[in-house]
4 protein chains.
Amino acid sequence: MAIKKQQRSRSGVPLWHGRFDRSPAGLTQSFVESLSFDRRLYKHDIAGSIAHARMLKSAKLISASELKAIERGLKAIAKRIESGTFRFKTADEDIHMAVEGELTRQIGEPGKKLHTARSRNDQVALDLRLYLRDAVDNELLGAITSLQYAFLNLAEREGFIPMPGFTHLQHAQPILAAATLLASIEQLERDRERLLDCRRRIDVCPLGAAALAGTTLPINRNQVARELGFAQICRNSLDAVSDRDFAVEFVFDLAMIAMHLSRWAEDWVIWSSPEFNFVLLDQAHCTGSSIMPQKRNPDVLELIRGKTGGVYGKLLALLTMLKGLPGTYNRDLQEDKRGVFEAYDMVLASLTISADLVAASHLNPEAMARQLSEGFLEATGLAEYLVRRGTPFRQAHRLVGQIVAHCEKKGKKLIDLSLGELRQFSDNIRSDVHKVLDPSQLVKSYRSEGSAGTKEISSQLRHWHTVLASRS
Amino acid sequence: MAIKKQQRSRSGVPLWHGRFDRSPAGLTQSFVESLSFDRRLYKHDIAGSIAHARMLKSAKLISASELKAIERGLKAIAKRIESGTFRFKTADEDIHMAVEGELTRQIGEPGKKLHTARSRNDQVALDLRLYLRDAVDNELLGAITSLQYAFLNLAEREGFIPMPGFTHLQHAQPILAAATLLASIEQLERDRERLLDCRRRIDVCPLGAAALAGTTLPINRNQVARELGFAQICRNSLDAVSDRDFAVEFVFDLAMIAMHLSRWAEDWVIWSSPEFNFVLLDQAHCTGSSIMPQKRNPDVLELIRGKTGGVYGKLLALLTMLKGLPGTYNRDLQEDKRGVFEAYDMVLASLTISADLVAASHLNPEAMARQLSEGFLEATGLAEYLVRRGTPFRQAHRLVGQIVAHCEKKGKKLIDLSLGELRQFSDNIRSDVHKVLDPSQLVKSYRSEGSAGTKEISSQLRHWHTVLASRS
Amino acid sequence: MAIKKQQRSRSGVPLWHGRFDRSPAGLTQSFVESLSFDRRLYKHDIAGSIAHARMLKSAKLISASELKAIERGLKAIAKRIESGTFRFKTADEDIHMAVEGELTRQIGEPGKKLHTARSRNDQVALDLRLYLRDAVDNELLGAITSLQYAFLNLAEREGFIPMPGFTHLQHAQPILAAATLLASIEQLERDRERLLDCRRRIDVCPLGAAALAGTTLPINRNQVARELGFAQICRNSLDAVSDRDFAVEFVFDLAMIAMHLSRWAEDWVIWSSPEFNFVLLDQAHCTGSSIMPQKRNPDVLELIRGKTGGVYGKLLALLTMLKGLPGTYNRDLQEDKRGVFEAYDMVLASLTISADLVAASHLNPEAMARQLSEGFLEATGLAEYLVRRGTPFRQAHRLVGQIVAHCEKKGKKLIDLSLGELRQFSDNIRSDVHKVLDPSQLVKSYRSEGSAGTKEISSQLRHWHTVLASRS
Amino acid sequence: MAIKKQQRSRSGVPLWHGRFDRSPAGLTQSFVESLSFDRRLYKHDIAGSIAHARMLKSAKLISASELKAIERGLKAIAKRIESGTFRFKTADEDIHMAVEGELTRQIGEPGKKLHTARSRNDQVALDLRLYLRDAVDNELLGAITSLQYAFLNLAEREGFIPMPGFTHLQHAQPILAAATLLASIEQLERDRERLLDCRRRIDVCPLGAAALAGTTLPINRNQVARELGFAQICRNSLDAVSDRDFAVEFVFDLAMIAMHLSRWAEDWVIWSSPEFNFVLLDQAHCTGSSIMPQKRNPDVLELIRGKTGGVYGKLLALLTMLKGLPGTYNRDLQEDKRGVFEAYDMVLASLTISADLVAASHLNPEAMARQLSEGFLEATGLAEYLVRRGTPFRQAHRLVGQIVAHCEKKGKKLIDLSLGELRQFSDNIRSDVHKVLDPSQLVKSYRSEGSAGTKEISSQLRHWHTVLASRS
């Protein structure tokens with residue numbers, strides 16, 4: 001944020017200023033503060049502090065009544081933040097100090113014991129891990145499944161229509177429209193798996209690493225970890241305060257989601273053009289033009305595509321931040337949260353609105369059917385016909401190439417050719433050839449596992465039904 | 001931003017909804033809105049609208065009294081936004097609609113004529129260009145000069161002390177400390193030049209390109225451009241609404257500034273370590289530790305370094321957004337402003353606090369002097385001595401290598417060697433050799449233009465004094 | 001490259017090993033060598049050495065006959081490299097050592113004096129600057145102009161046909177096809193300007209900065225600079241060996257070119273689809289399919305688009321390399337050349353083949369014409385008609401929106417509406433309205449500067465003819 | 001590569017040219033070819049073809065004798081490529097065509113049947129998956145383990161010495177040197193886990209997806225997958241030819257390795273400076289200076305750090321390539337291999353040489369010990385002492401802050417203070433306090449799990465011994 005003159009005055013003194021004989025200028029304060037963006041960690045910060053206090057009590061570093069005061073105090077603060085009545089002060093610098101400072105103002109002495117045997121270095125790592133575990137468990141996995149359902153429902157409802165399958169944005173072979181929607185489900189499934197893998201690396205408790213070296217006090221890190229539901233604790237205290245792998249990996253997983261959404265959005269933007277007209281978007285996901293009264297622009301799809309760069313940028317911001325950074329904790333790490341939060345917000349919003357948009361969209365079978373006769377979609381089917389009749393594939397490929405060239409010269413489609421014309425190219429062609437020259441018949445004859453025809457698409461739909469149903 | 005349920009309710013109907021028979025869902029509204037970040041364009045949006053209205057009047061598309069109402073209405077809105085009494089509504093979607101909508105609510109019919117012969121496509125391009133021209137002229141150039149002054153002042157005040165010059169973070173040759181500060185001034189000067197070059201590409205007026213095709217109405221684009229102080233108008237209307245080169249280039253220029261600051265910050269972070277102790281930071285630019293009471297951490301320098309990734313990320317966000325984007329205007333372009341504004345805020349803040357920090361810092365001549373005797377800094381001086389006495393350079397280089405190896409074996413410094421010892425390696429060495437074996441003398445004998453010794457550093461200081469003085 | 005076992009054996013001893021008592025392992029040698037990619041600098045390295053040697057002679061650091069031997073020796077080496085008879089050895093590590101080592105093997109003693117008062121730190125900076133100046137002057141500017149010509153020629157030859165202008169990939173307003181080609185020329189013109197700006201920052205001579213501190217020898221840096229045609233010398237020796245701004249800026253300029261090409265390629269890939277069919281590519285720029293005999297894929301356009309990422313990646317590589325790098329020279333900088341060379345090769349190849357492709361392509365006026373009647377392209381023209389007759393723009397916009405909705409309900413085009421039907425919406429509509437309801441007429445009535453209609457497009461064509469002609 | 005005129009002539013006709021009536025220009029051929037970089041896939045391409053042929057035979061699409069001819073022919077080609085006697089021709093465009101074309105030249109008709117029921121689209125996806133699975137299994141996992149061993153051995157051999165632990169590059173608390181090496185092992189362990197996770201997504205067989213739609217021929221995809229050792233087959237044929245997730249994830253995993261190496265290299269570059277002198281590098285991993293005879297530069301570490309940008313760049317290149325790319329196969333995807341191969345080469349080389357370098361390096365206990373008395377490393381220990389005696393942590397923190405300030409004013413160390421002086425600050429201080437004021441004693445008293453003191457470090461060493469031993 002731009003530094004404004006009025007921000008230079010300060011309204012409080014940070015807690016760690018016991019030794020400094022003069023207060024930091026407001027300029028520094030506004031430059032170094034993270035409270036403006038890390039306040040969203042408050043719930044996890046407080047949960048971590050309660051678990052920490054309970055352990056301190058077990059370790060006899062605080063008394064039962066001190067624990068009680070701390071717990072009650074922290075819960076009250078949580079409630080005030082939740083309800084919007086807590087007043088954050090920039091002078092508190094970060095969420096940790098904002099909470100602990102207020103706690104001490106409220107409950108006195110016991111509050112001063114809360115930070116025993118911990119540092120903000122391990123505390124912030126803890127908070128971020130708790131936050132991201134929540135983000136995966138309670139938001140992202142669900143949003144992914146919802147979008148998969150939306151694709152699945154559209155595939156079932158409207159997907160059993162033949163359309164031109166594209167490679168290089170050129171007509172390639174006829175496919176069932178559902179095949180394209182099922183491909184998106186596959187991509188999202190890998191996104192889900194990656195998040196679950198990342199979750200294993202998030203789910204490790206750093207608390208107790210303190211500043212970097214651990215502590216001489218008799219704490220019990222495993223107790224805290226158990227209390228907070230972690231699968232394990234960080235094995236090395238220097239690594240514990242230094243490690244942001246889980247955050248970078250999380251943002252990478254988001255970048256992959258964004259990439260997948262951008263490819264689907266691109267397809268549908270193209271399909272929404274009047275020239276294609278393959279997909280009909282709901283008006284709720286389009287906007288008009290301030291100058292052209294007739295426009296119905298696929299703005300939501302465009303923004304999904306456009307935000308991809310923002311997510312990539314966050315990934316590269318984190319990687320750059322960490323490049324060549326000396327070991328353990330350096331203040332540079334504070335910038336990690338900006339990247340993580342913004343990328344998360346963007347991708348979660350994109351996933352959510354995508355599910356909405358897909359649910360409200362329709363395919364346009366007439367437009368797809370119109371294009372089936374363009375571009376010799378049935379050429380590969382014809383080559384495979386020849387192969388079945390014994391022509392080596394390369395020769396069949398060449399022959400069909402010549403037949404297509406012949407059609408182009410004559411301005412004909414393959415299906416328009418007489419058997420006689422066809423047999424000029426190969427004796428292997430018989431009267432049954434016309435079955436493979438109709439694209440809407442051809443999609444019924446794909447046989448290979450996973451192929452884009454009737455039988456295999458049905459099988460994929462059943463598969464996803466079972467899988468997605470098992471998640472709810 | 002995360003989409004919250006409460007954001008789904010809408011408080012108004014966007015202006016362009018004449019044709020749609022049902023209102024967009026709140027989800028879409030919060031996904032597509034840019035008002036939350038483009039409102040900072042308000043001043044430039046209003047300035048652009050006033051210039052546009054004046055031209056409409058010249059073109060007889062509005063009357064004198066309509067112009068008067070529009071001007072008065074827009075200025076009143078500007079004042080309300082400035083004073084914080086204007087209430088933005090998400091339903092207005094962007095700053096353009098927020099301003100125009102309010103204008104029409106205030107002044108009625110004439111407000112409905114303001115958007116004649118323009119589109120949001122050319123309007124937003126105009127606003128961003130005006131904003132960035134301001135950012136360069138009124139903020140960045142000044143912030144760069146201030147930081148250059150801070151380096152210059154420190155160089156003059158404390159820079160005439162010898163220190164080890166490093167390459168590969170190893171001792172290389174003795175230099176004057178000022179040389180390092182002057183190197184930073186050079187970097188910033190190139191940053192300044194790049195911004196001025198970019199400014200030429202910012203300073204082109206897109207207004208009148210309308211949606212993409214221009215207009216059949218008798219407007220005068222040159223009049224608007226003159227009114228707003230532009231050097232020229234965009235020559236092609238499709239390009240005018242499509243072009244974001246100026247914004248990407250602006251962010252690239254910021255990335256280069258961030259890179260330069262990160263290199264200087266890295267040097268000073270290392271120099272602040274107890275092992276080096278070459279630079280003494282003011283307490284106002286350090287912070288303490290929540291666990292270690294003795295710490296004085298160079299947090300400001302670390303954050304300057306850490307923010308570099310954020311700025312790079314914005315550059316890549318913009319480049320990614322534009323990759324493969326179809327021509328003219330697509331809604332993806334809306335995301336440009338996020339990148340531009342955040343990168344600008346980060347870099348302007350970093351420049352500003354850097355000037356403050358440099359002004360409050362001191363070099364530590366004792367620590368630098370202590371290190372002068374480490375690492376055979378005078379070896380190159382000795383090799384050049386031999387060259388002056390006729391030894392071919394490669395041979396001199398090899399001889400001095402052997403002398404250094406000899407010193408290492410004996411645990412001696414070069415200056416500890418007797419003339420006899422030295423002459424075992426080369427007859428070319430005479431009694432005057434000891435002049436080149438004292439690093440603090442050596443810095444007086446550098447002769448080449450731009451070198452890091454007394455004479456040339458003085459000349460550089462004079463140069464920068466003249467140049468910087470001419471800017472204020 | 002992957003380190004193979006056989007690479008661990010060495011075939012020579014690097015020149016700088018006077019002091020080391022044991023030779024570096026082959027592993028290190030293959031890891032640190034740059035000869036495999038910096039050998040392409042040979043011409044500029046040798047030119048720099050000759051200029052340096054001439055200066056050494058003027059400074060009496062070498063004799064006239066030594067200079068003669070050096071010049072002759074270097075020119076002989078250049079000739080051998082050119083003809084492919086020079087044998088590079090990895091043990092020489094880089095092009096500088098490869099050339100200097102061979103020189104000394106050929107001419108003996110004088111060769112050992114060539115490296116007087118210079119270091120590889122300033123030498124490599126010099127070579128890269130000379131190389132990039134050449135790349136701009138002799139390759140890139142020409143390749144840009146050629147591509148601009150290709151667009152201009154196509155615009156003149158085939159561009160005066162009306163087509164749907166798109167925003168959001170939706171039909172917006174009718175435009176002349178030439179307008180899209182002229183927009184590409186504008187983008188390339190900015191690319192050209194950026195390269196020329198960058199060239200000013202390339203065109204500064206670092207030689208004489210030596211390792212970092214300059215030298216005690218009586219050299220004349222300005223003489224070398226003049227000899228090599230540089231506009232000025234680097235003012236600060238530390239900055240001279242540290243600065244890679246010019247290389248990063250060069251790659252950024254390439255990234256912008258790649259981005260522009262990717263946008264045009266995207267448009268044309270879409271236009272090449274059977275659904276659009278707006279552009280007809282030459283077979284020489286398409287390839288077939290290994291399985292589908294009928295395919296004609298726009299592979300060249302796709303690869304131009306696909307290489308964009310590679311160029312962006314190189315930009316990020318350079319920026320990351322420099323982030324947080326300590327001042328002056330660090331070996332990391334060696335990696336700069338990989339990025340610069342590969343990005344340059346990719347962009348130069350893309351520019352070159354693009355010119356070829358555009359020259360061999362044709363627009364398809366029939367397909368464009370067919371689409372003119374889709375999507376109410378003339379709606380804005382109708383709104384402007386109403387404005388000219390006194391309807392406030394916002395009201396006109398709303399009215400036309402209603403008319404379009406009426407058409408959609410009735411399955412009609414605007415031009416199909418009777419005057420009576422039209423006048424139900426506004427009394428302002430008269431019998432002359434039908435002139436604005438024909439897209440191919442509408443393109444004749446755009447009036448604003450730079451607009452996409454007949455008059456302004458003609459003027460743009462004239463402009464570019466004059467400008468491009470002045471360059472040859 | 002730059003397109004040279006001589007490259008425009010062609011030496012052969014690509015296989016797929018049955019239909020085209022004129023041959024592509026050499027310019028196109030050199031622009032679209034990938035043979036120059038995909039030839040390294042030859043082994044995997046041939047293995048895939050053999051498995052495919054065996055399945056074709058099972059499916060009765062080829063005969064037993066045809067299979068025999070194909071197998072023999074392919075193995076002979078593999079041998080010729082291995083031995084360097086195979087002559088690649090650019091006209092073959094890619095490794096697939098180079099192999100199949102030569103096969104047909106050698107064995108005639110049966111060769112023309114090999115491409116039955118497959119496309120280059122699924123074939124290249126197969127090859128890349130096989131290649132990357134090999135890269136993980138046979139190269140990267142081993143290289144990671146080797147480097148972990150090198151760190152472990154150094155930690156055991158020399159790591160039980162106290163040194164200043166740093167945060168913010170400032171002295172924080174005393175730690176055992178081994179703790180820093182063990183932190184690197186942790187990072188590498190996560191890198192290993194990520195690669196294994198990625199491997200699961202690599203290990204899916206795409207063959208049989210053909211161009212995008214599957215095939216009407218009676219193939220058996222599961223048979224091919226089993227033959228090649230794949231865990232499963234791609235479920236959706238469109239996704240199979242479109243998916244490059246595994247490649248991007250692979251490069252991301254490499255980027256994380258590069259990032260980790262860059263952080264360690266940064267530490268060690270700093271530790272190699274004369275000011276620190278904490279680590280002593282072997283001469284084999286340093287290089288000298290061409291001008292400064294005394295230099296011993298940590299070039300290998302710098303290049304490891306410097307290459308990080310290159311790897312990040314490849315990640316961005318892939319992500320950018322995929323952004324907004326339409327579904328299924330587009331030629332852009334060809335560029336994926338550049339990024340994957342170069343990133344892989346860089347990271348594998350860095351891992352390999354890092355293990356070498358660590359094995360040959362030594363820590364410098366004297367230099368570390370010298371620094372132990374700087375920077376009040378024992379302050380936290382003192383605060384924890386007070387906590388153990390009942391002082392609330394925040395108060396203890398403040399008190400120690402005051403004691404440190406007192407020391408600074410008096411120019412004393414903490415250990416120099418008399419008990420009387422200390423007790424002026426707190427009655428809680430007793431005569432046993434001096435045990436915590438000696439850093440080399442303090443490292444023995446860290447108690448928390450994973451901390452940087454004697455007991456926990458020993459336990460970590462044991463852990464890693466067991467784990468790493470189980471891998472060989």
# chains A, B, ... in the order shown; residues from 1 in each chain; ligands from 1
>>> residues_around(residues="Ser426 (chain B)", least_positions_apart="5", cutoff="10 Å", atoms="only C-alpha atoms", output="PyMOL selection string")
chain B and resi 386+391+396+399-400+403+420-421
>>> interface_residues(of="chain D", to="chain B", cutoff="9 Å", atoms="only C-alpha atoms", output="MDAnalysis selection string")
chainID D and resid 167:173 269:270 272:276 290:299 302 316 319:321 323:325 371 374:381 383 393:394 397:402 404:405
>>> residues_around(residues="Gly142 (chain D)", least_positions_apart="3", cutoff="12 Å", atoms="only C-alpha atoms", output="list in words")
Asp134, Ala135, Val136, Asp137, Asn138, Glu139, Thr145, Ser146, Leu147, Gln148, Tyr149, Leu188, Glu189, Arg192, Leu195, Leu348, Leu351, Thr352, Ala355, Leu468, Arg471 and Ser472 of chain D
>>> write_last_selection(atoms="N, CA, C and O atoms", output="short mmCIF file (atom, residue, chain, number, x, y, z; two decimals), in the first residue's frame")
data_model
loop_
_atom_site.label_atom_id
_atom_site.label_comp_id
_atom_site.auth_asym_id
_atom_site.auth_seq_id
_atom_site.Cartn_x
_atom_site.Cartn_y
_atom_site.Cartn_z
N ASP D 134 11.49 -43.09 -15.56
CA ASP D 134 12.90 -43.45 -15.47
C ASP D 134 13.72 -42.40 -14.73
O ASP D 134 14.58 -42.73 -13.92
N ALA D 135 13.49 -41.16 -15.07
CA ALA D 135 14.27 -40.08 -14.47
C ALA D 135 14.10 -40.07 -12.96
O ALA D 135 15.05 -39.88 -12.20
N VAL D 136 12.88 -40.29 -12.52
CA VAL D 136 12.63 -40.35 -11.07
C VAL D 136 13.30 -41.58 -10.48
O VAL D 136 14.11 -41.50 -9.57
N ASP D 137 12.97 -42.74 -11.05
CA ASP D 137 13.40 -44.00 -10.45
C ASP D 137 14.92 -44.18 -10.48
O ASP D 137 15.51 -44.65 -9.51
N ASN D 138 15.51 -43.83 -11.61
CA ASN D 138 16.91 -44.21 -11.80
C ASN D 138 17.90 -43.08 -11.63
O ASN D 138 19.09 -43.32 -11.66
N GLU D 139 17.42 -41.87 -11.49
CA GLU D 139 18.37 -40.77 -11.35
C GLU D 139 18.07 -39.90 -10.13
O GLU D 139 18.88 -39.77 -9.23
N THR D 145 19.18 -38.98 -2.38
CA THR D 145 19.70 -39.78 -1.27
C THR D 145 21.21 -39.54 -1.10
O THR D 145 21.71 -39.39 0.03
N SER D 146 21.93 -39.48 -2.19
CA SER D 146 23.38 -39.24 -2.09
C SER D 146 23.67 -37.91 -1.41
O SER D 146 24.59 -37.81 -0.59
N LEU D 147 22.91 -36.92 -1.78
CA LEU D 147 23.17 -35.62 -1.16
C LEU D 147 22.76 -35.64 0.31
O LEU D 147 23.45 -35.06 1.17
N GLN D 148 21.69 -36.34 0.62
CA GLN D 148 21.31 -36.47 2.03
C GLN D 148 22.43 -37.17 2.82
O GLN D 148 22.79 -36.76 3.91
N TYR D 149 22.98 -38.19 2.23
CA TYR D 149 24.10 -38.89 2.87
C TYR D 149 25.29 -37.96 3.09
O TYR D 149 25.94 -37.99 4.13
N LEU D 188 15.26 -31.97 1.55
CA LEU D 188 15.41 -32.94 0.46
C LEU D 188 14.44 -34.10 0.61
O LEU D 188 13.99 -34.67 -0.38
N GLU D 189 14.10 -34.43 1.84
CA GLU D 189 13.15 -35.52 2.06
C GLU D 189 11.77 -35.14 1.52
O GLU D 189 11.07 -35.95 0.92
N ARG D 192 11.84 -35.46 -2.14
CA ARG D 192 11.71 -36.87 -2.51
C ARG D 192 10.24 -37.30 -2.47
O ARG D 192 9.74 -37.95 -3.39
N LEU D 195 8.34 -35.97 -5.40
CA LEU D 195 8.62 -36.72 -6.64
C LEU D 195 7.86 -38.05 -6.65
O LEU D 195 7.37 -38.48 -7.70
N LEU D 348 19.52 -32.20 -11.93
CA LEU D 348 20.29 -33.42 -11.69
C LEU D 348 21.78 -33.08 -11.55
O LEU D 348 22.46 -33.60 -10.66
N LEU D 351 22.28 -31.43 -8.10
CA LEU D 351 22.25 -32.41 -7.01
C LEU D 351 23.55 -33.20 -6.95
O LEU D 351 24.14 -33.41 -5.89
N THR D 352 24.00 -33.64 -8.13
CA THR D 352 25.18 -34.50 -8.19
C THR D 352 26.41 -33.77 -7.68
O THR D 352 27.16 -34.27 -6.84
N ALA D 355 26.48 -33.08 -3.84
CA ALA D 355 26.91 -34.19 -2.99
C ALA D 355 28.43 -34.27 -2.96
O ALA D 355 29.05 -34.45 -1.91
N LEU D 468 18.06 -43.71 5.62
CA LEU D 468 18.86 -43.73 4.38
C LEU D 468 19.41 -45.13 4.12
O LEU D 468 19.48 -45.57 2.97
N ARG D 471 17.40 -47.49 2.13
CA ARG D 471 17.15 -47.18 0.71
C ARG D 471 18.15 -47.85 -0.23
O ARG D 471 17.94 -47.84 -1.44
N SER D 472 19.24 -48.31 0.32
CA SER D 472 20.26 -48.82 -0.61
C SER D 472 20.15 -50.33 -0.76
O SER D 472 19.29 -50.98 -0.18
#
>>> atom_distance(atom1="CA of Pro110 (chain C)", atom2="CA of Glu449 (chain B)")
25.2 Å
>>> atom_distance(atom1="CA of Met259 (chain C)", atom2="CA of Leu27 (chain D)")
21.6 Å
>>> residues_around(residues="His285 (chain B)", least_positions_apart="3", cutoff="10 Å", atoms="only C-alpha atoms", output="number ranges by chain")
A: 24-25, 27-29, 31-32; B: 281-282, 296-301, 353-354, 356-358, 360-361
>>> closest_residue(among="D:Ala211, D:Ile202, D:Ile219, D:Leu140", to="Lys57 (chain D)", atoms="only C-alpha atoms")
D:Ile219
>>> residues_around(residues="region 122-132 of chain C", least_positions_apart="6", cutoff="9 Å", atoms="only C-alpha atoms", output="number ranges by chain")
C: 40-49, 96, 199, 202-212, 228, 237, 240-244, 246-247, 250, 334, 337, 340
>>> select_by_dssp(residues="region 221-418 of chain D", states="helix (DSSP H, G or I)", output="VMD selection string")
chain D and resid 221 to 227 237 to 242 245 to 272 283 to 285 299 to 322 331 to 359 365 to 372 379 to 388 393 to 410 414 to 416
>>> select_by_dssp(residues="region 135-340 of chain B", states="strand (DSSP E or B)", output="PyMOL selection string")
chain B and resi 162-167+170-176+204-205+232-233+279-280+287+297
>>> atom_distance(atom1="CA of Val467 (chain A)", atom2="CA of Gly214 (chain D)")
23.4 Å
>>> closest_residue(among="A:Thr454, A:Asn364, A:Ser83, A:Thr216", to="Val387 (chain D)", atoms="only C-alpha atoms")
A:Thr216
>>> residues_around(residues="region 98-109 of chain A", least_positions_apart="4", cutoff="7 Å", atoms="only C-alpha atoms", output="list of chain:residue names")
A:Ala69, A:Gly73, A:Leu74, A:Phe88, A:Asp92, A:Asp94
>>> closest_residue(among="C:Ile257, C:Ile457, C:Met97, C:Met55", to="Leu141 (chain C)", atoms="only C-alpha atoms")
C:Ile257
>>> residues_around(residues="region 174-177 of chain D", least_positions_apart="3", cutoff="7 Å", atoms="only C-alpha atoms", output="MDAnalysis selection string")
(chainID A and resid 213) or (chainID D and resid 159:165 180 377 439 443 452:453)
